[in-house]
Structure formats: structure tokens, C-alpha cells
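Asks: Shown below is the structure under consideration.
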Amino acid sequence: QKEVEQNSGPLSVPEGAIASLNCTYSDRVSQSFFWYRQYSGKSPELIMSIYSNGDKEDGRFTAQLNKASQYVSLLIRDSQPSDSATYLCAPLSGTYKYIFGTGTRLKVLA
Amino acid sequence: EAGVAQSPRYKIIEKRQSVAFWCNPISGHATLYWYQQILGQGPKLLIQFQNNGVVDDSQLPKDRFSAERLKGVDSTLKIQPAKLEDSAVYLCASSLGPLAGGKIFGPGTRLTVL
């Protein structure tokens with residue numbers, strides 16, 4: 001089992017729709033979770049962090065965490081073509097290592 | 001605030017040659033990371049420094065890769081000799097500490113080994 005699993009996509013959604021990106025992780029001790037956005041040819045940039053079970057909202061982004069299910073997700077409301085990128089999930093493991101998933105490629109269709 | 005600086009941005013070498021990458025982290029960031037990102041994959045941690053000491057180098061191919069962070073600021077990553085499978089983007093990132101929130105990444109160095 002991979003430490004961090006994400007569907008590689010591409011996930012295609014129409015402009016204005018909600019994009020839902022999912023991530024599962026294997027380290028039960030992970031406490032902190034981060035989502036990065038990576039545009040093609042660019043480096044990753046942090047967009048969301050979440051530490052507690054439940055939802056955390058920041059603008060059009062909502063991160064959801066369920067530690068019992070070892071599941072974290074990112075929702076993007078009112079998706080825009082500029083949201084088209086690869087989204088990387090990165091839990092901070094129990095040994096304080098950042099483990100990146102392979103990322104989900106999102107395509108927002110105008 | 002200046003970001004993480006890396007150079008060169010691009011490098012093309014032949015296999016068995018050597019290459020070195022440089023990184024200057026954000027001022028005051030004690031933790032520095034080198035990642036390797038192969039096309040279509042997530043970044044893989046090669047080495048993590050806390051100030052000028054190595055915290056984690058478990059995934060660094062030590063027979064060919066080396067890294068140092070003198071004086072706890074700038075860092076260099078070297079590959080000698082390079083193999084075809086080393087073709088990747090090498091990302092440097094920094095953070096205030098190992099448990100600090102997200103990392104700040106530099107623009108990366110794209111290495112092509114022919």
C-alpha cells in the first residue's frame with residue numbers, strides 16, 4: 001500500500017462546478033495535512049493546511065479531514081480555468097516526514 | 001520577502017558527468033529540503049537539513065549524490081556520476097522549522113541526462 005494515494009486523473013469539471021479531490025494516507029499517526037497546487041512547469045505552492053477533523057474553509061477552497069478513515073479531501077467551489085493544475089496531498093507523518101502523493105491533475109473546462 | 005533561490009534553472013549533461021545545484025533559502029528558515037520530482041510523480045525527499053546538520057537522508061542515493069549546507073544557509077546538491085534516471089526537476093524548499101506549516105519551494109532545476 002502506498003503511503004499517500006491520490007487518483008492521478010485528469011479530473012475534468014466544467015467552469016463554475018465543484019471540483020472534489022481526494023487523498024488517503026497510511027500513517028495513522030499523521031496529524032498535519034497540506035494541499036499544494038502545482039502548475040505545469042512550476043514548483044508546488046501551499047494552498048491549504050488542516051490539522052483537526054472536520055472542514056476548514058478558505059475562500060473557494062475547503063479542506064476536509066477524517067482521521068478515523070485516514071482520508072483528506074479538497075473541494076474547490078466555482079472552479080475556474082485558472083484552477084487547472086496538479087493538486088498534491090502531503091500529510092506530515094508520525095516521523096515528521098512530508099510524504100507527497102503523486103497528485104491529481106485537474107482540468108477546468110471553460 | 002525574497003523567495004527561495006535556485007540555480008541553474010536548466011542543465012543538460014551526458015551520463016557519467018557530474019553536476020551541482022545551488023539553493024539559497026528564505027532568510028531565517030532553519031530547515032532546508034532537497035526534493036527530486038520525476039515527471040508525473042510527486043516530489044520525493046532526498047535530504048533534509050536542520051541548520052547545517054542532516055536530519056534525514058534516507059532516500060539519498062549516497063553512492064552518487066551528496067549535499068552540504070555550510071554555515072546553515074546556502075546548500076549545494078551534487079550528482080557524480082549522473083545516470084539517465086536522474087533526469088528530473090530538483091526542488092529546494094525551506095521552512096522555519098521541521099514542524100512548521102507548509103514549505104516554500106524554489107523554482108527548481110530541470111536536469112536532463114543524455
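Labels for the C-alpha cells follow display order: chains A, B, ..., residues from 1 in each chain, ligands from 1.
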Using only C-alpha atoms, which chain A residues lie at most 7 Å away from chain B, written as a list in words?

Replies: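 The selection requested is Phe34, Lys42, Ser43, Pro44, Glu45, Leu46, Tyr96, Phe100, Gly101, Thr102 and Gly103 of chain A.
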
Asks: Could you save the residues just selected, with all heavy atoms, as an mmCIF file, in the first residue's frame?

Replies:
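And here's part36.cif as it stands now:
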```
data_model
loop_
_atom_site.group_PDB
_atom_site.id
_atom_site.type_symbol
_atom_site.label_atom_id
_atom_site.label_comp_id
_atom_site.auth_asym_id
_atom_site.auth_seq_id
_atom_site.Cartn_x
_atom_site.Cartn_y
_atom_site.Cartn_z
ATOM 1 N N PHE A 34 -1.490 18.875 4.312
ATOM 2 C CA PHE A 34 -1.288 20.055 3.469
ATOM 3 C C PHE A 34 -1.687 19.736 2.035
ATOM 4 O O PHE A 34 -1.486 18.630 1.547
ATOM 5 C CB PHE A 34 0.179 20.476 3.519
ATOM 6 C CG PHE A 34 0.670 20.748 4.914
ATOM 7 C CD1 PHE A 34 1.216 19.735 5.676
ATOM 8 C CD2 PHE A 34 0.555 22.005 5.472
ATOM 9 C CE1 PHE A 34 1.651 19.967 6.978
ATOM 10 C CE2 PHE A 34 0.990 22.250 6.771
ATOM 11 C CZ PHE A 34 1.534 21.226 7.520
ATOM 12 N N LYS A 42 5.956 24.502 -13.071
ATOM 13 C CA LYS A 42 6.227 25.359 -11.910
ATOM 14 C C LYS A 42 6.439 24.498 -10.668
ATOM 15 O O LYS A 42 6.224 23.290 -10.679
ATOM 16 C CB LYS A 42 5.054 26.320 -11.676
ATOM 17 C CG LYS A 42 4.746 27.226 -12.857
ATOM 18 C CD LYS A 42 5.871 28.178 -13.134
ATOM 19 C CE LYS A 42 5.501 29.156 -14.240
ATOM 20 N NZ LYS A 42 6.638 30.066 -14.562
ATOM 21 N N SER A 43 6.846 25.143 -9.584
ATOM 22 C CA SER A 43 7.045 24.421 -8.336
ATOM 23 C C SER A 43 5.765 24.437 -7.508
ATOM 24 O O SER A 43 4.887 25.266 -7.730
ATOM 25 C CB SER A 43 8.219 25.021 -7.562
ATOM 26 O OG SER A 43 8.024 26.392 -7.358
ATOM 27 N N PRO A 44 5.635 23.515 -6.566
ATOM 28 C CA PRO A 44 4.421 23.458 -5.740
ATOM 29 C C PRO A 44 4.275 24.701 -4.862
ATOM 30 O O PRO A 44 5.263 25.266 -4.390
ATOM 31 C CB PRO A 44 4.644 22.215 -4.866
ATOM 32 C CG PRO A 44 5.686 21.412 -5.580
ATOM 33 C CD PRO A 44 6.565 22.412 -6.252
ATOM 34 N N GLU A 45 3.013 25.112 -4.645
ATOM 35 C CA GLU A 45 2.731 26.213 -3.725
ATOM 36 C C GLU A 45 1.637 25.764 -2.769
ATOM 37 O O GLU A 45 0.656 25.125 -3.160
ATOM 38 C CB GLU A 45 2.302 27.479 -4.481
ATOM 39 C CG GLU A 45 1.098 27.301 -5.375
ATOM 40 C CD GLU A 45 0.648 28.589 -6.035
ATOM 41 O OE1 GLU A 45 0.743 29.662 -5.390
ATOM 42 O OE2 GLU A 45 0.179 28.530 -7.179
ATOM 43 N N LEU A 46 1.809 26.105 -1.507
ATOM 44 C CA LEU A 46 0.870 25.705 -0.464
ATOM 45 C C LEU A 46 -0.434 26.478 -0.620
ATOM 46 O O LEU A 46 -0.429 27.702 -0.750
ATOM 47 C CB LEU A 46 1.467 25.985 0.912
ATOM 48 C CG LEU A 46 0.587 25.647 2.112
ATOM 49 C CD1 LEU A 46 0.434 24.135 2.231
ATOM 50 C CD2 LEU A 46 1.186 26.217 3.389
ATOM 51 N N TYR A 96 7.559 12.885 11.333
ATOM 52 C CA TYR A 96 7.777 14.269 10.892
ATOM 53 C C TYR A 96 8.343 14.361 9.487
ATOM 54 O O TYR A 96 9.106 15.253 9.172
ATOM 55 C CB TYR A 96 8.657 15.028 11.887
ATOM 56 C CG TYR A 96 8.096 14.972 13.287
ATOM 57 C CD1 TYR A 96 8.813 14.369 14.317
ATOM 58 C CD2 TYR A 96 6.837 15.474 13.564
ATOM 59 C CE1 TYR A 96 8.283 14.293 15.593
ATOM 60 C CE2 TYR A 96 6.297 15.391 14.844
ATOM 61 C CZ TYR A 96 7.030 14.803 15.852
ATOM 62 O OH TYR A 96 6.506 14.721 17.110
ATOM 63 N N PHE A 100 4.630 13.249 -0.091
ATOM 64 C CA PHE A 100 3.739 13.755 -1.130
ATOM 65 C C PHE A 100 3.080 12.607 -1.884
ATOM 66 O O PHE A 100 3.710 11.589 -2.160
ATOM 67 C CB PHE A 100 4.528 14.592 -2.144
ATOM 68 C CG PHE A 100 4.844 15.977 -1.674
ATOM 69 C CD1 PHE A 100 6.053 16.247 -1.040
ATOM 70 C CD2 PHE A 100 3.957 17.014 -1.874
ATOM 71 C CE1 PHE A 100 6.352 17.521 -0.601
ATOM 72 C CE2 PHE A 100 4.251 18.296 -1.453
ATOM 73 C CZ PHE A 100 5.447 18.550 -0.815
ATOM 74 N N GLY A 101 1.801 12.810 -2.222
ATOM 75 C CA GLY A 101 1.148 11.906 -3.149
ATOM 76 C C GLY A 101 1.609 12.228 -4.566
ATOM 77 O O GLY A 101 2.361 13.178 -4.793
ATOM 78 N N THR A 102 1.147 11.436 -5.519
ATOM 79 C CA THR A 102 1.530 11.662 -6.911
ATOM 80 C C THR A 102 0.765 12.822 -7.530
ATOM 81 O O THR A 102 1.150 13.319 -8.579
ATOM 82 C CB THR A 102 1.298 10.408 -7.761
ATOM 83 O OG1 THR A 102 -0.069 10.023 -7.620
ATOM 84 C CG2 THR A 102 2.198 9.267 -7.312
ATOM 85 N N GLY A 103 -0.309 13.238 -6.853
ATOM 86 C CA GLY A 103 -1.056 14.389 -7.343
ATOM 87 C C GLY A 103 -2.219 14.013 -8.236
ATOM 88 O O GLY A 103 -2.199 12.966 -8.909
#
```

Asks: Would you compute the distance between CA of Val55 (chain B) and CA of Asp74 (chain B)? Give it in Å to one decimal.

Replies: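 Distance reported for this atom pair: 16.1 Å.
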
Asks: I need the strand (DSSP E) residues of chain B per DSSP on the backbone, written as a PyMOL selection string.

Replies: chain B and resi 5-7+10-13+19-24+31-37+44-50+53-56+65-68+75-79+88-95+104-105+109-113

Asks: Quote the spacing between CA of Cys23 (chain B) and CA of Leu77 (chain B) in Å to one decimal place.

Replies: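 Straight-line distance from CA of Cys23 (chain B) to CA of Leu77 (chain B) works out to 8.4 Å.
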
Asks: Need to verify the contact set: region 8-17 of chain B, 8 Å, only C-alpha atoms, exclusion of same-chain residues closer than 2 positions in sequence. Can you return it as a PyMOL selection string?

Replies: chain B and resi 6+19+21-22+80-84+107-114
